[in-house]
>>> print(open('run-v3.pdb').read())   # PDB, C-alpha atoms, pLDDT in the B column
ATOM      1  CA  MET U 571       0.000   0.000   0.000  1.00 86.00           C
ATOM      2  CA  GLN U 572       1.273   3.423  -0.922  1.00 89.00           C
ATOM      3  CA  ILE U 573       0.653   6.392   1.412  1.00 96.00           C
ATOM      4  CA  ILE U 574       1.188   9.881   0.056  1.00 96.00           C
ATOM      5  CA  ASP U 575       1.607  13.028   2.161  1.00 96.00           C
ATOM      6  CA  GLU U 576      -0.246  16.068   0.854  1.00 96.00           C
ATOM      7  CA  ASN U 577       0.733  19.128   2.891  1.00 93.00           C
ATOM      8  CA  GLY U 578      -0.424  22.713   2.729  1.00 93.00           C
ATOM      9  CA  PRO U 579       0.232  25.752   4.907  1.00 91.00           C
ATOM     10  CA  THR U 580      -2.735  25.090   7.226  1.00 95.00           C
ATOM     11  CA  GLY U 581      -3.092  21.313   7.005  1.00 96.00           C
ATOM     12  CA  GLY U 582      -3.196  18.383   4.676  1.00 97.00           C
ATOM     13  CA  ARG U 583      -3.960  14.723   4.371  1.00 98.00           C
ATOM     14  CA  TYR U 584      -2.430  11.299   4.123  1.00 98.00           C
ATOM     15  CA  LEU U 585      -3.752   9.425   1.119  1.00 97.00           C
ATOM     16  CA  ALA U 586      -3.624   5.639   0.798  1.00 97.00           C
ATOM     17  CA  ARG U 587      -4.185   3.923  -2.535  1.00 93.00           C
ATOM     18  CA  LEU U 588      -5.059   0.255  -2.718  1.00 89.00           C
ATOM     19  CA  GLU U 589      -7.024  -1.794  -5.235  1.00 83.00           C
ATOM     20  CA  SER U 590      -7.935   1.289  -7.313  1.00 88.00           C
ATOM     21  CA  ALA U 591      -9.524   2.958  -4.271  1.00 93.00           C
ATOM     22  CA  GLU U 592      -8.384   5.788  -2.019  1.00 96.00           C
ATOM     23  CA  ALA U 593      -8.646   6.344   1.725  1.00 97.00           C
ATOM     24  CA  GLU U 594      -7.615   9.478   3.566  1.00 98.00           C
ATOM     25  CA  MET U 595      -6.780  10.926   6.944  1.00 98.00           C
ATOM     26  CA  THR U 596      -7.019  14.709   7.148  1.00 98.00           C
ATOM     27  CA  PHE U 597      -5.356  17.089   9.568  1.00 98.00           C
ATOM     28  CA  SER U 598      -5.021  20.775  10.301  1.00 97.00           C
ATOM     29  CA  ARG U 599      -2.064  22.582  11.814  1.00 96.00           C
ATOM     30  CA  ALA U 600      -2.813  24.316  15.111  1.00 95.00           C
ATOM     31  CA  SER U 601       0.808  25.477  15.423  1.00 94.00           C
ATOM     32  CA  PRO U 602       4.226  24.490  14.054  1.00 90.00           C
ATOM     33  CA  HIS U 603       4.389  21.773  16.732  1.00 94.00           C
ATOM     34  CA  LEU U 604       0.756  20.662  16.935  1.00 97.00           C
ATOM     35  CA  VAL U 605      -1.567  18.980  14.400  1.00 97.00           C
ATOM     36  CA  ILE U 606      -5.205  18.018  14.758  1.00 98.00           C
ATOM     37  CA  ILE U 607      -6.291  14.784  13.073  1.00 98.00           C
ATOM     38  CA  ASP U 608      -9.935  15.453  12.282  1.00 97.00           C
ATOM     39  CA  HIS U 609     -11.140  12.818   9.815  1.00 98.00           C
ATOM     40  CA  THR U 610     -10.432   9.337   8.509  1.00 98.00           C
ATOM     41  CA  GLY U 611     -12.310   8.148   5.447  1.00 97.00           C
ATOM     42  CA  VAL U 612     -12.036   4.575   4.199  1.00 97.00           C
ATOM     43  CA  PRO U 613     -14.365   3.385   1.422  1.00 96.00           C
ATOM     44  CA  ASP U 614     -16.387   0.241   2.006  1.00 94.00           C
ATOM     45  CA  SER U 615     -14.286  -1.654  -0.539  1.00 93.00           C
ATOM     46  CA  LEU U 616     -11.194  -1.196   1.665  1.00 93.00           C
ATOM     47  CA  ARG U 617     -12.733  -1.839   5.079  1.00 92.00           C
ATOM     48  CA  GLY U 618     -11.179  -4.636   7.092  1.00 93.00           C
ATOM     49  CA  LYS U 619      -7.883  -4.463   5.178  1.00 94.00           C
ATOM     50  CA  GLY U 620      -5.907  -2.412   7.697  1.00 95.00           C
ATOM     51  CA  VAL U 621      -5.934   0.752   5.623  1.00 96.00           C
ATOM     52  CA  GLY U 622      -7.153   3.005   8.438  1.00 96.00           C
ATOM     53  CA  GLN U 623      -4.586   1.542  10.809  1.00 96.00           C
ATOM     54  CA  ALA U 624      -1.849   2.101   8.221  1.00 97.00           C
ATOM     55  CA  LEU U 625      -2.895   5.748   7.880  1.00 98.00           C
ATOM     56  CA  ALA U 626      -2.889   6.190  11.661  1.00 98.00           C
ATOM     57  CA  SER U 627       0.560   4.605  11.993  1.00 97.00           C
ATOM     58  CA  HIS U 628       1.828   6.817   9.178  1.00 97.00           C
ATOM     59  CA  ALA U 629       0.526   9.924  10.967  1.00 98.00           C
ATOM     60  CA  VAL U 630       2.318   8.912  14.174  1.00 98.00           C
ATOM     61  CA  GLU U 631       5.595   8.317  12.334  1.00 97.00           C
ATOM     62  CA  ALA U 632       5.253  11.672  10.545  1.00 96.00           C
ATOM     63  CA  ALA U 633       4.730  13.370  13.917  1.00 97.00           C
ATOM     64  CA  ARG U 634       7.793  11.690  15.374  1.00 97.00           C
ATOM     65  CA  ILE U 635       9.940  12.686  12.411  1.00 96.00           C
ATOM     66  CA  GLY U 636       8.511  16.221  12.306  1.00 94.00           C
ATOM     67  CA  GLY U 637       8.750  16.768  16.056  1.00 95.00           C
ATOM     68  CA  TRP U 638       5.089  17.624  16.607  1.00 94.00           C
ATOM     69  CA  LYS U 639       2.220  16.375  18.758  1.00 97.00           C
ATOM     70  CA  ILE U 640      -1.189  15.142  17.589  1.00 98.00           C
ATOM     71  CA  ILE U 641      -4.582  16.097  18.995  1.00 97.00           C
ATOM     72  CA  PRO U 642      -6.958  13.265  17.984  1.00 97.00           C
ATOM     73  CA  LEU U 643     -10.388  14.725  17.192  1.00 97.00           C
ATOM     74  CA  CYS U 644     -11.191  11.970  14.691  1.00 97.00           C
ATOM     75  CA  PRO U 645     -13.027   9.148  16.514  1.00 97.00           C
ATOM     76  CA  PHE U 646     -11.191   6.459  14.539  1.00 97.00           C
ATOM     77  CA  PHE U 647      -7.742   7.901  15.236  1.00 97.00           C
ATOM     78  CA  LYS U 648      -8.632   8.475  18.878  1.00 97.00           C
ATOM     79  CA  ALA U 649      -9.655   4.808  19.241  1.00 96.00           C
ATOM     80  CA  GLN U 650      -6.417   3.670  17.590  1.00 96.00           C
ATOM     81  CA  ALA U 651      -4.369   5.875  19.923  1.00 96.00           C
ATOM     82  CA  GLN U 652      -6.073   4.310  22.936  1.00 96.00           C
ATOM     83  CA  ARG U 653      -5.164   0.838  21.612  1.00 95.00           C
ATOM     84  CA  ASN U 654      -1.527   1.835  21.060  1.00 96.00           C
ATOM     85  CA  PRO U 655      -0.009   3.120  24.310  1.00 95.00           C
ATOM     86  CA  ASP U 656       3.388   3.373  22.609  1.00 96.00           C
ATOM     87  CA  TRP U 657       2.007   6.378  20.691  1.00 97.00           C
ATOM     88  CA  ARG U 658       1.809   8.486  23.878  1.00 95.00           C
ATOM     89  CA  ASP U 659       5.023  10.272  22.953  1.00 95.00           C
ATOM     90  CA  VAL U 660       3.176  12.119  20.160  1.00 96.00           C
ATOM     91  CA  VAL U 661      -0.568  11.835  20.902  1.00 94.00           C
ATOM     92  CA  THR U 662      -1.952  14.277  23.468  1.00 90.00           C
TER      93      THR U 662
END
>>> encode(input="run-v3.pdb", output="structure tokens")
Amino acid sequence: MQIIDENGPTGGRYLARLESAEAEMTFSRASPHLVIIDHTGVPDSLRGKGVGQALASHAVEAARIGGWKIIPLCPFFKAQAQRNPDWRDVVT
């Protein structure tokens, strides 16, 4: 699965492509060191294939590399963060 980072000055998204379908996780920048993950969208054709989890893991790795923290407003991402205590270094 390929995940692409699309970044703009106030936010962006992580885009996953698999089986001719796309899933996304969107975020906005609250400050240079804080992002808000606000939405995860996975089409029905990709559900149950780990695409959402891959997007969430990608977001955590991007935060670690970029040196920022994540505020999880998206219910899916928030649930994943609760299941992954090793993400506490970047998820607030």
>>> closest_residue(input="run-v3.pdb", among="U:Lys619, U:Arg658, U:His609, U:Lys648", to="U:Gly582", atoms="only C-alpha atoms")
U:His609
>>> closest_residue(input="run-v3.pdb", among="U:Gly581, U:Ile606, U:Val621, U:Ile573", to="U:Lys639", atoms="all atoms listed in the file")
U:Ile606
>>> closest_residue(input="run-v3.pdb", among="U:Arg634, U:Pro645, U:Pro613, U:Thr580", to="U:Val660", atoms="all atoms listed in the file")
U:Arg634
>>> atom_distance(input="run-v3.pdb", atom1="atom CA of U:Arg583", atom2="atom CA of U:Thr596")
4.1 Å
>>> atom_distance(input="run-v3.pdb", atom1="atom CA of U:Pro655", atom2="atom CA of U:Glu631")
14.2 Å
>>> resolve_selection(input="run-v3.pdb", expression="the PyMOL selection byres ((chain U and resi 591) around 10)", output="list in words")
Ala586, Arg587, Leu588, Glu589, Ser590, Glu592, Ala593, Val612, Pro613, Asp614, Ser615 and Leu616 of chain U
>>> atom_distance(input="run-v3.pdb", atom1="atom CA of U:Phe647", atom2="atom CA of U:Ala626")
6.3 Å
